[in-house]
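Novice: Supplied in structure tokens, the structure appears directly below.
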Amino acid sequence: MNPKPVVALAAGVLFGAGLAVSGMVDPARVLGFLDIAGRWDPTLAFVMGGAMLPMMVAWRIRANMMVPVAADRFHEPVTLPITISLIAGALLFGIGWGLSGLCPGPALADVALVPASVLPFLIAMLAGFGLHRIMTRLTDPARPNPPQTRPGA
């Protein structure tokens, strides 16, 4: 039996449960964190700080592993230079996050909890994905289409 789907499902359920337990699926909680001049809610800072501890342990364990448990190789991010596209994308993400109180992870978790209220965000997010794909093809025709699946997946 291939363990990849089971590991992916377990990771997704754990991530979603963590978002729900921490309250990060509630856009008001995130907007409260961003409201530094009003009724500031520090919960998000504690969630991010708390996430650092298990990640430090995970990176220490990873350093001693030759191959991952459920894959052929590690898929580590490549460090790329800071570009105008990266800055523009970060700004758009931040503006959307600040306006809605949602980002992709919590929005997907909210589909199970409050699908009607998160639907406008999901439509805008999917439209943004499509617009990015179109703009990338128009501005850089030599760039190949992104792969539909990750290498080694």
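Identifiers in the structure tokens: chain A, B, ... in order shown; residue index from 1 per chain; ligand index from 1 in order shown.
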Which residues come within 12 Å of Ser22 (chain A), counting only C-alpha atoms, excluding same-chain residues fewer than 4 positions away, as a list in words?
Specialist: Leu14, Phe15, Gly16, Ala17, Gly18, Asp26, Arg29, Val30, Pro42, Thr43, Leu44, Ala45, Phe46, Val47, Met48, Gly50, Ala51 and Pro106 of chain A
Novice: Please give the complete set of residues from region 74-106 of chain A that DSSP, run on the backbone, assigns to helix (DSSP H, G or I), formatted as JSON, numbers by chain.
Specialist: {"A": [84, 85, 86, 87, 88, 89, 90, 91, 92, 93, 94, 95, 96, 97, 98, 99, 100, 104, 105, 106]}
Novice: I need the residues from that last selection saved to file as a tab-separated table (two decimals), in the first residue's frame (with N, CA and C atoms), if you can.
Specialist:
```tsv
chain	number	residue	atom	x	y	z
A	84	ILE	N	10.37	41.82	-8.49
A	84	ILE	CA	9.16	42.65	-8.48
A	84	ILE	C	7.92	41.77	-8.39
A	85	SER	N	7.93	40.62	-9.09
A	85	SER	CA	6.78	39.71	-9.04
A	85	SER	C	6.57	39.18	-7.62
A	86	LEU	N	7.65	38.84	-6.93
A	86	LEU	CA	7.55	38.35	-5.56
A	86	LEU	C	6.97	39.44	-4.65
A	87	ILE	N	7.48	40.64	-4.79
A	87	ILE	CA	6.99	41.75	-3.96
A	87	ILE	C	5.52	42.04	-4.26
A	88	ALA	N	5.16	42.06	-5.55
A	88	ALA	CA	3.76	42.31	-5.92
A	88	ALA	C	2.85	41.21	-5.38
A	89	GLY	N	3.29	39.96	-5.50
A	89	GLY	CA	2.50	38.85	-4.97
A	89	GLY	C	2.33	38.94	-3.46
A	90	ALA	N	3.40	39.29	-2.76
A	90	ALA	CA	3.32	39.42	-1.30
A	90	ALA	C	2.37	40.55	-0.92
A	91	LEU	N	2.43	41.66	-1.66
A	91	LEU	CA	1.52	42.77	-1.39
A	91	LEU	C	0.06	42.38	-1.63
A	92	LEU	N	-0.20	41.70	-2.75
A	92	LEU	CA	-1.57	41.26	-3.03
A	92	LEU	C	-2.06	40.29	-1.96
A	93	PHE	N	-1.19	39.35	-1.56
A	93	PHE	CA	-1.58	38.41	-0.51
A	93	PHE	C	-1.90	39.16	0.78
A	94	GLY	N	-1.02	40.07	1.16
A	94	GLY	CA	-1.23	40.82	2.40
A	94	GLY	C	-2.49	41.67	2.38
A	95	ILE	N	-2.75	42.31	1.24
A	95	ILE	CA	-3.96	43.12	1.12
A	95	ILE	C	-5.20	42.23	1.22
A	96	GLY	N	-5.19	41.11	0.52
A	96	GLY	CA	-6.33	40.19	0.59
A	96	GLY	C	-6.53	39.63	1.98
A	97	TRP	N	-5.43	39.29	2.64
A	97	TRP	CA	-5.48	38.76	4.00
A	97	TRP	C	-6.03	39.81	4.95
A	98	GLY	N	-5.56	41.05	4.79
A	98	GLY	CA	-6.02	42.13	5.65
A	98	GLY	C	-7.48	42.51	5.44
A	99	LEU	N	-7.94	42.41	4.19
A	99	LEU	CA	-9.34	42.74	3.91
A	99	LEU	C	-10.30	41.64	4.34
A	100	SER	N	-9.89	40.39	4.16
A	100	SER	CA	-10.82	39.28	4.41
A	100	SER	C	-10.57	38.56	5.73
A	104	PRO	N	-5.31	31.01	2.19
A	104	PRO	CA	-5.79	29.74	1.62
A	104	PRO	C	-6.02	28.61	2.62
A	105	GLY	N	-5.11	28.39	3.55
A	105	GLY	CA	-5.28	27.27	4.49
A	105	GLY	C	-6.55	27.38	5.31
A	106	PRO	N	-6.73	28.47	6.07
A	106	PRO	CA	-7.97	28.63	6.83
A	106	PRO	C	-9.22	28.67	5.96
```
Novice: Using only C-alpha atoms, which of A:Ala112, A:Leu34, A:Ala70, A:Met135 sits nearest Ala11 (chain A)?
Specialist: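 Of A:Ala112, A:Leu34, A:Ala70, A:Met135, the one nearest Ala11 (chain A) is A:Ala70, counting only C-alpha atoms.
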Novice: In Å, how far is it from CA of Pro5 (chain A) to CA of Pro54 (chain A)?
Specialist: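 Calculated distance between CA of Pro5 (chain A) and CA of Pro54 (chain A) is 22.5 Å.
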